[in-house]
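The structure appears right after this line, and notes come after that.
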Amino acid sequence: MLLDVQDITTFYGQSQALFGVELSLGEGEVLALMGRNGMGKSTTIRSICNLNPPRGGSIQFAGRSTARLPAYKVARMGVGLVPEGRRCFRDLTVHENLIAAARPGAWTLARVNELFPRLAERRDQLSRTLSGGEQQMLAIGRALMTNPRLLILDEATEGLAPVIRHDIWAAIRKLKADGLSILLVDKTLSELLPVADRCVILENGRSVWKGRPDQINADVKDRYLGI
């Protein structure tokens, strides 16, 4: 198992946000982390990356505990994060963003530019001048340049124009075909479910449902996803 999260509890100050979340993800697998807004998806991601370390439970990545590791060391273990809101370096160019945290491996500038040709076209533009969709491509490319074993995408297509959404989903499908392990949060079930191998649904900071995409029926959608 590449990622194994067991019974984690996470707090913001004195306020508890996660109450025993559990999930696991194997090599080459795509796991969809689902739930309504405010149910703990982003907090779970922050806990996995040790941006907000859990107070209880355990997280193992590639057989190694991430407890007490600073976030940058978790990243160096092979966890690549595309955060909600993109968070590109506004005053750096596209090229500078991509090489800022680059590590040796199969993902190179040429390969990222092949995946997202728009980034090659805008190589010397400051990231703040890009459209929202282009910034999202840049955020994904930047994460890939770290050559992660696990790519985490938090709301990768939220608020984007349909044509850009199409391009990003096409890229995600290609990454899956290439065998990259992916933890994916997105609200668009019509795009999310076909690419996922398994799903975990959170409600009020708890794991309440696990299964395959084809097991998410109308009752599950109505009960946990508000559809």
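Ordering of the structure tokens sets the chain letters (A, B, ...), residue numbers begin anew at 1 in every chain, and ligands are numbered from 1 in the order given.
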For this session: For stretch 128-130 of chain A, please output as a PyMOL selection string all residues within 10 Å (counting only C-alpha atoms; exclusion window: fewer than 4 positions along the same chain).
Result: chain A and resi 88-94+119+122+134-136+138
Do you have, as a Markdown table, the list of residues of stretch 70-116 of chain A lying at most 12 Å from stretch 38-42 of chain A, each with its nearest atom pair and that distance in Å to one decimal, counting only C-alpha atoms and ordered by chain then number?
```
| residue | atom | partner | partner_atom | distance |
| --- | --- | --- | --- | --- |
| A:Leu81 | CA | A:Ser42 | CA | 11.3 |
| A:Val82 | CA | A:Ser42 | CA | 11.3 |
| A:Pro83 | CA | A:Ser42 | CA | 8.7 |
| A:Glu84 | CA | A:Ser42 | CA | 8.0 |
| A:Gly85 | CA | A:Ser42 | CA | 11.4 |
```
Keeping only C-alpha atoms, take the residues you just selected and write them out as a short mmCIF file (atom, residue, chain, number, x, y, z; two decimals), in the first residue's frame.
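Output file result.cif is given in full below:
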```cif
data_model
loop_
_atom_site.label_atom_id
_atom_site.label_comp_id
_atom_site.auth_asym_id
_atom_site.auth_seq_id
_atom_site.Cartn_x
_atom_site.Cartn_y
_atom_site.Cartn_z
CA LEU A 81 0.17 18.54 -3.80
CA VAL A 82 -1.95 20.68 -6.11
CA PRO A 83 -3.73 22.79 -3.47
CA GLU A 84 -7.19 24.27 -3.71
CA GLY A 85 -6.84 27.81 -5.05
#
```
Exercise. What lies within 9 Å of stretch 96-100 of chain A using only C-alpha atoms, ignoring chain neighbours under 5 positions off, as a list of chain:residue names?
Worked result: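 The contact residues come out as A:Cys88, A:Phe89, A:Arg90, A:Leu109, A:Val112, A:Arg123, A:Asp124, A:Leu126, A:Ser127, A:Leu138, A:Ala139, A:Gly141, A:Arg142, A:Ala143, A:Leu144, A:Met145, A:Thr146.
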Next, the residues of the selection above should be written as an mmCIF file, in the first residue's frame with C-alpha atoms.
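Done, and the output landed in part_24.cif:
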```
data_model
loop_
_atom_site.group_PDB
_atom_site.id
_atom_site.type_symbol
_atom_site.label_atom_id
_atom_site.label_comp_id
_atom_site.auth_asym_id
_atom_site.auth_seq_id
_atom_site.Cartn_x
_atom_site.Cartn_y
_atom_site.Cartn_z
ATOM 1 C CA CYS A 88 1.187 29.782 -7.940
ATOM 2 C CA PHE A 89 4.088 32.121 -7.229
ATOM 3 C CA ARG A 90 2.547 35.287 -8.624
ATOM 4 C CA LEU A 109 9.987 20.563 -18.517
ATOM 5 C CA VAL A 112 5.087 18.943 -18.673
ATOM 6 C CA ARG A 123 6.920 30.320 -20.654
ATOM 7 C CA ASP A 124 8.062 33.863 -19.873
ATOM 8 C CA LEU A 126 4.345 36.061 -14.879
ATOM 9 C CA SER A 127 1.907 33.599 -13.375
ATOM 10 C CA LEU A 138 0.770 25.485 -13.934
ATOM 11 C CA ALA A 139 -0.011 24.228 -10.428
ATOM 12 C CA GLY A 141 2.815 20.987 -13.782
ATOM 13 C CA ARG A 142 4.728 22.368 -10.798
ATOM 14 C CA ALA A 143 3.655 19.376 -8.684
ATOM 15 C CA LEU A 144 4.629 16.935 -11.436
ATOM 16 C CA MET A 145 8.077 18.544 -11.651
ATOM 17 C CA THR A 146 8.721 17.275 -8.107
#
```
For this session: Pick out the residues sitting within 7 Å of A:Thr10, and hand them over as an NGL selection string; count only C-alpha atoms, and ignore anything fewer than 3 positions along from it in its own chain.
Result: :A and (16-18 or 53-55)
Exercise. Can you tell me, as a ChimeraX atom specification, what residues are no more than 9 Å from stretch 160-174 of chain A when counting only C-alpha atoms, ignoring any on the same chain fewer than 3 positions away?
Worked result: /A:115-116,132-134,136-137,156-157,177-179,182,191-192,195
Exercise. Please, which residues of chain A, numbered as in this document, come out strand (DSSP E) from DSSP, as a PyMOL selection string?
Worked result: chain A and resi 3-12+15-25+30-34+56-61+64-65+79-82+150-154+181-185+198-203+206-211
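Between A:Arg212 and the residues A:Leu3, A:Leu31, A:Ile152, A:Leu175, the shortest atom-to-atom distance, using only C-alpha atoms, involves A:Leu31.
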For this session: Per DSSP on the backbone, filter stretch 41-171 of chain A down to the residues in alpha helix (DSSP H) and report them as an NGL selection string.
Result: :A and (41-48 or 71-78 or 94-99 or 109-115 or 117-121 or 132-144 or 162-171)
For this session: Can you pull out every residue within 9 Å of A:Trp209, counting only C-alpha atoms, but drop anything in the same chain fewer than 6 positions away, and send it as a list in words?
Result: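 Skipping anything fewer than 6 positions along the chain leaves Cys199, Val200, Ile201, Leu202, Glu203, Val220 and Tyr224 of chain A.
Here the question is which of A:Pro213, A:Val185, A:Gly159, A:Pro194 gets nearest to A:Thr43 using only C-alpha atoms, and that residue is A:Val185.
When atom CA of A:Ala218 is paired with atom CA of A:Leu189, their separation reads 12.4 Å.
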Exercise. Which residue out of A:Leu225, A:Phe19, A:Leu25, A:Gly56 has the minimum interatomic distance to A:Asp186 when only C-alpha atoms are used?
Worked result: A:Leu225
Problem set entry | Distance criterion (only C-alpha atoms): nearest to A:Gly28 out of A:Asn204, A:Asn50, A:Gln215, A:Ser181 |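 For A:Gly28, the nearest of the given residues is A:Ser181.
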Exercise. Separation of atom CA of A:Gly26 and atom CA of A:Asp222, in Å?
Worked result: 28.4 Å
